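Next comes protein24.cif, with mmCIF, C-alpha atoms, pLDDT in the B column; chains and numbers go by the auth columns.
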```cif
data_target
loop_
_atom_site.group_PDB
_atom_site.id
_atom_site.type_symbol
_atom_site.label_atom_id
_atom_site.label_comp_id
_atom_site.label_asym_id
_atom_site.label_seq_id
_atom_site.Cartn_x
_atom_site.Cartn_y
_atom_site.Cartn_z
_atom_site.B_iso_or_equiv
_atom_site.auth_seq_id
_atom_site.auth_asym_id
ATOM 1 C CA MET A 1 0.882 -29.335 64.859 50.00 1 V
ATOM 2 C CA ASN A 2 -2.297 -30.312 63.135 62.00 2 V
ATOM 3 C CA ARG A 3 -3.063 -26.670 62.476 65.00 3 V
ATOM 4 C CA ARG A 4 0.289 -26.150 60.754 66.00 4 V
ATOM 5 C CA VAL A 5 -0.215 -29.234 58.632 57.00 5 V
ATOM 6 C CA LEU A 6 -3.638 -27.998 57.594 61.00 6 V
ATOM 7 C CA GLN A 7 -2.223 -24.609 56.676 63.00 7 V
ATOM 8 C CA LYS A 8 0.484 -26.216 54.554 58.00 8 V
ATOM 9 C CA LEU A 9 -2.049 -28.459 52.849 55.00 9 V
ATOM 10 C CA ARG A 10 -4.263 -25.468 52.197 62.00 10 V
ATOM 11 C CA ARG A 11 -1.403 -23.484 50.690 63.00 11 V
ATOM 12 C CA THR A 12 -0.386 -26.438 48.550 58.00 12 V
ATOM 13 C CA TYR A 13 -3.969 -26.824 47.383 50.00 13 V
ATOM 14 C CA GLU A 14 -4.275 -23.113 46.528 54.00 14 V
ATOM 15 C CA LEU A 15 -0.956 -23.213 44.662 50.00 15 V
ATOM 16 C CA LEU A 16 -2.005 -26.250 42.651 45.00 16 V
ATOM 17 C CA MET A 17 -5.391 -24.769 41.861 51.00 17 V
ATOM 18 C CA SER A 18 -3.800 -21.474 40.882 55.00 18 V
ATOM 19 C CA SER A 19 -1.319 -23.243 38.618 57.00 19 V
ATOM 20 C CA LEU A 20 -4.090 -25.402 37.160 55.00 20 V
ATOM 21 C CA ARG A 21 -6.268 -22.344 36.647 60.00 21 V
ATOM 22 C CA TRP A 22 -3.590 -20.554 34.677 59.00 22 V
ATOM 23 C CA ARG A 23 -2.902 -23.653 32.603 63.00 23 V
ATOM 24 C CA LEU A 24 -6.553 -23.981 31.736 60.00 24 V
ATOM 25 C CA LEU A 25 -6.691 -20.279 31.032 61.00 25 V
ATOM 26 C CA SER A 26 -3.683 -20.368 28.709 62.00 26 V
ATOM 27 C CA MET A 27 -4.972 -23.468 26.914 66.00 27 V
ATOM 28 C CA SER A 28 -8.341 -21.844 26.404 66.00 28 V
ATOM 29 C CA MET A 29 -6.958 -18.478 25.301 69.00 29 V
ATOM 30 C CA LEU A 30 -4.340 -19.887 22.920 72.00 30 V
ATOM 31 C CA PRO A 31 -6.789 -20.731 20.085 76.00 31 V
ATOM 32 C CA LEU A 32 -8.362 -17.304 20.447 74.00 32 V
ATOM 33 C CA ILE A 33 -4.981 -15.580 20.247 76.00 33 V
ATOM 34 C CA VAL A 34 -3.968 -17.644 17.201 80.00 34 V
ATOM 35 C CA PHE A 35 -7.268 -16.813 15.500 80.00 35 V
ATOM 36 C CA ALA A 36 -6.798 -13.122 16.302 79.00 36 V
ATOM 37 C CA LEU A 37 -3.296 -13.108 14.795 83.00 37 V
ATOM 38 C CA ILE A 38 -4.477 -14.885 11.648 87.00 38 V
ATOM 39 C CA TRP A 39 -7.406 -12.512 11.252 84.00 39 V
ATOM 40 C CA MET A 40 -5.165 -9.494 11.811 84.00 40 V
ATOM 41 C CA SER A 41 -2.699 -10.694 9.160 87.00 41 V
ATOM 42 C CA TYR A 42 -5.517 -11.235 6.689 89.00 42 V
ATOM 43 C CA ALA A 43 -7.054 -7.837 7.438 87.00 43 V
ATOM 44 C CA LEU A 44 -3.693 -6.094 6.975 88.00 44 V
ATOM 45 C CA ALA A 45 -3.025 -7.888 3.698 89.00 45 V
ATOM 46 C CA GLN A 46 -6.507 -7.029 2.418 91.00 46 V
ATOM 47 C CA ARG A 47 -6.126 -3.396 3.486 89.00 47 V
ATOM 48 C CA TYR A 48 -2.735 -3.144 1.785 89.00 48 V
ATOM 49 C CA THR A 49 -4.203 -4.592 -1.412 89.00 49 V
ATOM 50 C CA ASP A 50 -7.079 -2.103 -1.366 92.00 50 V
ATOM 51 C CA LEU A 51 -4.843 0.903 -0.721 90.00 51 V
ATOM 52 C CA SER A 52 -2.313 -0.154 -3.368 88.00 52 V
ATOM 53 C CA SER A 53 -5.083 -0.711 -5.899 90.00 53 V
ATOM 54 C CA GLN A 54 -6.522 2.739 -5.211 91.00 54 V
ATOM 55 C CA LEU A 55 -3.086 4.330 -5.652 91.00 55 V
ATOM 56 C CA GLU A 56 -2.500 2.436 -8.905 91.00 56 V
ATOM 57 C CA GLN A 57 -5.851 3.582 -10.247 92.00 57 V
ATOM 58 C CA ARG A 58 -5.027 7.160 -9.297 92.00 58 V
ATOM 59 C CA ALA A 59 -1.668 7.028 -11.084 92.00 59 V
ATOM 60 C CA GLN A 60 -3.342 5.474 -14.119 93.00 60 V
ATOM 61 C CA LEU A 61 -6.041 8.157 -14.202 94.00 61 V
ATOM 62 C CA LEU A 62 -3.536 11.015 -13.897 94.00 62 V
ATOM 63 C CA ALA A 63 -1.311 9.555 -16.618 93.00 63 V
ATOM 64 C CA ARG A 64 -4.260 9.163 -18.988 93.00 64 V
ATOM 65 C CA GLN A 65 -5.447 12.698 -18.329 92.00 65 V
ATOM 66 C CA MET A 66 -1.936 14.008 -18.907 93.00 66 V
ATOM 67 C CA ALA A 67 -1.662 11.980 -22.128 92.00 67 V
ATOM 68 C CA VAL A 68 -4.886 13.471 -23.499 91.00 68 V
ATOM 69 C CA ALA A 69 -3.848 17.005 -22.534 92.00 69 V
ATOM 70 C CA SER A 70 -0.352 16.607 -24.026 91.00 70 V
ATOM 71 C CA ASP A 71 -1.290 15.148 -27.405 90.00 71 V
ATOM 72 C CA TYR A 72 -1.751 18.348 -29.397 89.00 72 V
ATOM 73 C CA ALA A 73 1.007 20.169 -27.487 90.00 73 V
ATOM 74 C CA ILE A 74 3.464 17.489 -28.661 90.00 74 V
ATOM 75 C CA PHE A 75 2.230 17.850 -32.240 86.00 75 V
ATOM 76 C CA ALA A 76 2.568 21.642 -32.029 87.00 76 V
ATOM 77 C CA GLN A 77 5.965 21.293 -30.272 88.00 77 V
ATOM 78 C CA ASN A 78 4.767 23.591 -27.502 90.00 78 V
ATOM 79 C CA ASN A 79 7.030 22.622 -24.610 90.00 79 V
ATOM 80 C CA LEU A 80 5.735 25.480 -22.457 92.00 80 V
ATOM 81 C CA VAL A 81 2.260 23.945 -22.410 92.00 81 V
ATOM 82 C CA LEU A 82 3.760 20.540 -21.637 93.00 82 V
ATOM 83 C CA GLN A 83 5.731 22.007 -18.750 92.00 83 V
ATOM 84 C CA ASN A 84 2.562 23.594 -17.364 93.00 84 V
ATOM 85 C CA ILE A 85 0.773 20.232 -17.624 93.00 85 V
ATOM 86 C CA THR A 86 3.467 18.368 -15.708 93.00 86 V
ATOM 87 C CA ALA A 87 3.640 21.164 -13.112 92.00 87 V
ATOM 88 C CA SER A 88 -0.101 20.925 -12.479 92.00 88 V
ATOM 89 C CA VAL A 89 -0.037 17.126 -12.201 92.00 89 V
ATOM 90 C CA VAL A 90 2.848 17.052 -9.722 91.00 90 V
ATOM 91 C CA LYS A 91 0.828 19.288 -7.391 90.00 91 V
ATOM 92 C CA GLU A 92 -1.592 16.406 -6.834 89.00 92 V
ATOM 93 C CA PRO A 93 -1.232 14.471 -3.549 87.00 93 V
ATOM 94 C CA GLU A 94 1.156 11.508 -3.624 88.00 94 V
ATOM 95 C CA VAL A 95 2.584 12.502 -7.050 91.00 95 V
ATOM 96 C CA MET A 96 6.385 12.639 -6.984 89.00 96 V
ATOM 97 C CA LEU A 97 7.134 13.087 -10.682 90.00 97 V
ATOM 98 C CA ALA A 98 5.268 13.900 -13.883 92.00 98 V
ATOM 99 C CA GLY A 99 6.918 13.868 -17.288 93.00 99 V
ATOM 100 C CA VAL A 100 6.185 13.842 -21.012 93.00 100 V
ATOM 101 C CA TYR A 101 8.456 12.093 -23.522 94.00 101 V
ATOM 102 C CA ASP A 102 8.325 12.132 -27.302 91.00 102 V
ATOM 103 C CA ALA A 103 8.188 9.091 -29.576 89.00 103 V
ATOM 104 C CA SER A 104 12.000 8.852 -29.564 90.00 104 V
ATOM 105 C CA LEU A 105 11.952 8.683 -25.736 88.00 105 V
ATOM 106 C CA GLN A 106 13.435 12.155 -25.308 90.00 106 V
ATOM 107 C CA ALA A 107 12.140 14.234 -22.397 89.00 107 V
ATOM 108 C CA LEU A 108 9.978 17.147 -23.515 91.00 108 V
ATOM 109 C CA ALA A 109 8.833 18.284 -20.073 90.00 109 V
ATOM 110 C CA SER A 110 9.365 17.006 -16.565 87.00 110 V
ATOM 111 C CA SER A 111 8.636 18.173 -13.059 84.00 111 V
ATOM 112 C CA GLU A 112 12.074 16.919 -12.034 74.00 112 V
ATOM 113 C CA SER A 113 15.375 17.332 -13.822 56.00 113 V
ATOM 114 C CA GLU A 114 17.048 14.146 -15.023 52.00 114 V
ATOM 115 C CA GLY A 115 20.205 15.107 -13.143 51.00 115 V
ATOM 116 C CA SER A 116 18.328 14.825 -9.849 61.00 116 V
ATOM 117 C CA MET A 117 17.570 11.151 -10.523 68.00 117 V
ATOM 118 C CA SER A 118 19.977 8.454 -9.470 71.00 118 V
ATOM 119 C CA LYS A 119 21.626 6.405 -12.204 78.00 119 V
ATOM 120 C CA GLU A 120 19.565 3.387 -11.225 79.00 120 V
ATOM 121 C CA GLN A 121 16.294 5.318 -11.380 78.00 121 V
ATOM 122 C CA GLY A 122 17.205 6.813 -14.741 80.00 122 V
ATOM 123 C CA ALA A 123 18.146 3.399 -16.138 84.00 123 V
ATOM 124 C CA ASN A 124 14.940 1.817 -14.870 85.00 124 V
ATOM 125 C CA LEU A 125 12.861 4.608 -16.391 87.00 125 V
ATOM 126 C CA SER A 126 14.633 4.258 -19.734 87.00 126 V
ATOM 127 C CA ASN A 127 14.136 0.492 -19.762 90.00 127 V
ATOM 128 C CA GLN A 128 10.465 0.805 -18.908 91.00 128 V
ATOM 129 C CA LEU A 129 9.985 3.441 -21.632 90.00 129 V
ATOM 130 C CA ARG A 130 11.573 1.088 -24.175 91.00 130 V
ATOM 131 C CA LEU A 131 9.275 -1.739 -23.118 91.00 131 V
ATOM 132 C CA VAL A 132 6.232 0.497 -23.515 91.00 132 V
ATOM 133 C CA ALA A 133 7.527 1.725 -26.887 89.00 133 V
ATOM 134 C CA ASN A 134 7.958 -1.858 -28.122 90.00 134 V
ATOM 135 C CA SER A 135 4.610 -3.116 -26.845 88.00 135 V
ATOM 136 C CA GLY A 136 2.551 0.038 -27.286 86.00 136 V
ATOM 137 C CA GLN A 137 0.746 -0.791 -24.049 90.00 137 V
ATOM 138 C CA PRO A 138 0.701 1.070 -20.708 91.00 138 V
ATOM 139 C CA SER A 139 3.066 -0.187 -18.049 90.00 139 V
ATOM 140 C CA LEU A 140 2.932 -0.189 -14.262 89.00 140 V
ATOM 141 C CA ALA A 141 6.095 -0.818 -12.265 87.00 141 V
ATOM 142 C CA ILE A 142 7.103 -0.565 -8.619 83.00 142 V
ATOM 143 C CA GLU A 143 10.376 1.332 -8.721 76.00 143 V
ATOM 144 C CA SER A 144 11.080 0.684 -5.051 73.00 144 V
ATOM 145 C CA ASP A 145 9.201 -0.012 -1.844 74.00 145 V
ATOM 146 C CA ARG A 146 8.384 3.713 -1.773 80.00 146 V
ATOM 147 C CA LEU A 147 7.672 4.516 -5.424 87.00 147 V
ATOM 148 C CA LEU A 148 5.256 3.381 -8.109 90.00 148 V
ATOM 149 C CA ARG A 149 5.547 4.418 -11.781 92.00 149 V
ATOM 150 C CA TYR A 150 2.907 4.342 -14.511 94.00 150 V
ATOM 151 C CA ILE A 151 3.633 5.052 -18.189 94.00 151 V
ATOM 152 C CA GLN A 152 0.804 5.790 -20.612 94.00 152 V
ATOM 153 C CA PRO A 153 1.401 5.943 -24.391 94.00 153 V
ATOM 154 C CA ILE A 154 0.054 9.127 -25.974 91.00 154 V
ATOM 155 C CA ASN A 155 -2.012 8.022 -28.953 84.00 155 V
ATOM 156 C CA SER A 156 -2.558 10.747 -31.524 73.00 156 V
ATOM 157 C CA VAL A 157 -6.180 11.504 -32.204 62.00 157 V
ATOM 158 C CA GLY A 158 -7.432 11.970 -35.757 51.00 158 V
ATOM 159 C CA LEU A 159 -5.966 15.127 -37.290 49.00 159 V
ATOM 160 C CA ASP A 160 -7.406 17.221 -40.100 48.00 160 V
ATOM 161 C CA LEU A 161 -5.925 16.780 -43.536 41.00 161 V
ATOM 162 C CA GLU A 162 -4.259 20.193 -43.466 48.00 162 V
ATOM 163 C CA ASP A 163 -2.411 19.132 -40.323 47.00 163 V
ATOM 164 C CA GLN A 164 -0.796 16.139 -42.047 48.00 164 V
ATOM 165 C CA PRO A 165 2.747 16.471 -43.436 48.00 165 V
ATOM 166 C CA LYS A 166 2.903 17.464 -47.108 50.00 166 V
ATOM 167 C CA ASN A 167 5.584 14.897 -47.965 49.00 167 V
ATOM 168 C CA GLY A 168 3.043 12.063 -47.744 46.00 168 V
ATOM 169 C CA SER A 169 4.546 10.417 -44.646 45.00 169 V
ATOM 170 C CA LYS A 170 2.067 9.369 -41.961 46.00 170 V
ATOM 171 C CA LEU A 171 2.285 10.353 -38.360 47.00 171 V
ATOM 172 C CA SER A 172 3.041 7.613 -35.872 54.00 172 V
ATOM 173 C CA PRO A 173 -0.047 6.511 -33.878 81.00 173 V
ATOM 174 C CA ILE A 174 2.014 7.055 -30.709 85.00 174 V
ATOM 175 C CA SER A 175 3.312 10.589 -30.400 88.00 175 V
ATOM 176 C CA GLY A 176 4.839 10.253 -26.956 92.00 176 V
ATOM 177 C CA TYR A 177 4.559 8.906 -23.424 94.00 177 V
ATOM 178 C CA ALA A 178 3.156 10.306 -20.179 94.00 178 V
ATOM 179 C CA VAL A 179 4.987 9.281 -17.002 94.00 179 V
ATOM 180 C CA VAL A 180 3.564 9.582 -13.492 94.00 180 V
ATOM 181 C CA GLU A 181 5.345 8.478 -10.326 92.00 181 V
ATOM 182 C CA VAL A 182 3.442 8.298 -7.035 92.00 182 V
ATOM 183 C CA SER A 183 4.692 7.715 -3.520 89.00 183 V
ATOM 184 C CA LEU A 184 3.694 4.663 -1.514 89.00 184 V
ATOM 185 C CA ASP A 185 4.290 6.472 1.795 88.00 185 V
ATOM 186 C CA THR A 186 0.597 7.251 2.216 86.00 186 V
ATOM 187 C CA VAL A 187 -0.200 3.551 1.833 87.00 187 V
ATOM 188 C CA TYR A 188 2.151 2.614 4.650 88.00 188 V
ATOM 189 C CA THR A 189 0.910 5.500 6.802 89.00 189 V
ATOM 190 C CA GLU A 190 -2.703 4.380 6.436 89.00 190 V
ATOM 191 C CA LEU A 191 -1.626 0.787 7.037 89.00 191 V
ATOM 192 C CA ILE A 192 0.048 1.716 10.331 90.00 192 V
ATOM 193 C CA LYS A 193 -3.077 3.587 11.461 90.00 193 V
ATOM 194 C CA PHE A 194 -5.198 0.582 10.531 87.00 194 V
ATOM 195 C CA LEU A 195 -2.841 -1.761 12.421 87.00 195 V
ATOM 196 C CA ILE A 196 -3.017 0.359 15.563 90.00 196 V
ATOM 197 C CA GLY A 197 -6.811 0.361 15.419 87.00 197 V
ATOM 198 C CA VAL A 198 -6.935 -3.405 14.918 83.00 198 V
ATOM 199 C CA LEU A 199 -4.540 -3.988 17.820 85.00 199 V
ATOM 200 C CA PHE A 200 -6.691 -1.888 20.140 86.00 200 V
ATOM 201 C CA ILE A 201 -9.806 -3.809 19.128 83.00 201 V
ATOM 202 C CA LEU A 202 -8.136 -7.208 19.558 80.00 202 V
ATOM 203 C CA ALA A 203 -6.642 -6.188 22.911 81.00 203 V
ATOM 204 C CA GLY A 204 -10.089 -5.123 24.149 82.00 204 V
ATOM 205 C CA LEU A 205 -11.714 -8.347 22.974 77.00 205 V
ATOM 206 C CA LEU A 206 -8.986 -10.486 24.528 76.00 206 V
ATOM 207 C CA TYR A 207 -9.262 -8.561 27.803 77.00 207 V
ATOM 208 C CA ILE A 208 -13.027 -9.123 27.910 78.00 208 V
ATOM 209 C CA ALA A 209 -12.621 -12.811 27.048 71.00 209 V
ATOM 210 C CA LEU A 210 -9.947 -13.180 29.722 70.00 210 V
ATOM 211 C CA GLY A 211 -12.179 -11.583 32.339 71.00 211 V
ATOM 212 C CA LEU A 212 -15.190 -13.716 31.465 69.00 212 V
ATOM 213 C CA PHE A 213 -13.164 -16.907 31.483 67.00 213 V
ATOM 214 C CA SER A 214 -11.490 -16.085 34.803 64.00 214 V
ATOM 215 C CA LEU A 215 -14.849 -15.295 36.376 66.00 215 V
ATOM 216 C CA THR A 216 -16.332 -18.539 35.081 65.00 216 V
ATOM 217 C CA LEU A 217 -13.365 -20.540 36.329 58.00 217 V
ATOM 218 C CA VAL A 218 -13.558 -18.973 39.772 57.00 218 V
ATOM 219 C CA ASN A 219 -17.265 -19.757 40.049 60.00 219 V
ATOM 220 C CA CYS A 220 -16.698 -23.355 38.957 55.00 220 V
ATOM 221 C CA THR A 221 -13.892 -23.759 41.486 53.00 221 V
ATOM 222 C CA ALA A 222 -15.963 -22.265 44.272 54.00 222 V
ATOM 223 C CA ASN A 223 -18.841 -24.589 43.529 54.00 223 V
#
```

Just give me the structure as structure tokens.
Amino acid sequence: MNRRVLQKLRRTYELLMSSLRWRLLSMSMLPLIVFALIWMSYALAQRYTDLSSQLEQRAQLLARQMAVASDYAIFAQNNLVLQNITASVVKEPEVMLAGVYDASLQALASSESEGSMSKEQGANLSNQLRLVANSGQPSLAIESDRLLRYIQPINSVGLDLEDQPKNGSKLSPISGYAVVEVSLDTVYTELIKFLIGVLFILAGLLYIALGLFSLTLVNCTAN
């Protein structure tokens, strides 16, 4: 009888200690888990900002290069050269569309036909072109969660006197607009890879911390 009572007391004691151990473990690990989640969120946000900024700079650089290359072709009304320029730009990674528009916002060359655009995309592009035409300043816009558009005004460089019109009218300082659209898919792809790497690192750290804490708790209980 006494032996059975002792066995029951021992089991009760082990159950209580086990329950207490897990409570202490969860209470100790909770701050670490919260810190890990906060750090992961911050790291993801910072990574997204860096990748987006790099993509914006790339779109800006391509649009400026296309604007410089298209200036004289617009003046000479050489649409074949403009089409070659847009075709070369759209071959760059992440570039979805490259286009050149004249001062009256008419398309001179584009890597994509206007009919292939949705009505909403066409309307948004037209509105953004009007804003750039009114302000004379470049414009960056996120068309959707998958597309980013940059419009660069094409400022005419100084022309020789023989190139000026004979009727005395002056050329507009803005001869057209260079449009570059880049995809945000690469940003999200890199972000997913970064998230997977961070999760593996955090899981390893939490596993090590869990093992060290359990070992320490067992030693303290045994003593």

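Of note, atom CA of Leu30 of chain V and atom CA of Tyr48 of chain V are spaced 27.0 Å apart.
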
Considering only C-alpha atoms, can you say which of V:Ile85, V:Leu191, V:Ile196, V:Leu105 comes closest to Ala69 of chain V? V:Ile85

If we count all atoms listed in the file, what is near segment 137-151 of chain V at a cut-off of 10 Å, once residues fewer than 2 positions away on the same chain are taken out, given as an NGL selection string? :V and (52 or 55-64 or 67 or 94-100 or 120-121 or 124-125 or 128-129 or 131-135 or 153-154 or 177-188)

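Distance-wise, atom CA of Asn84 of chain V and atom CA of Ser156 of chain V end up 19.8 Å apart.
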
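Those residues returned by the PyMOL selection byres ((chain V and resi 79) around 12) for this file are Ser70, Asp71, Tyr72, Ala73, Ile74, Phe75, Ala76, Gln77, Asn78, Leu80, Val81, Leu82, Gln83, Asn84, Ile85, Thr86, Gly99, Val100, Tyr101, Asp102, Ala107, Leu108, Ala109 and Ser110 of chain V.
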
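With only C-alpha atoms as the atoms that count, the residue of V:Val89, V:Ala103, V:Leu51, V:Leu210 with the shortest distance to Leu32 of chain V is V:Leu210.
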
Quick one: distance from atom CA of Val90 of chain V to atom CA of Gln152 of chain V in Å, one decimal? 15.8 Å
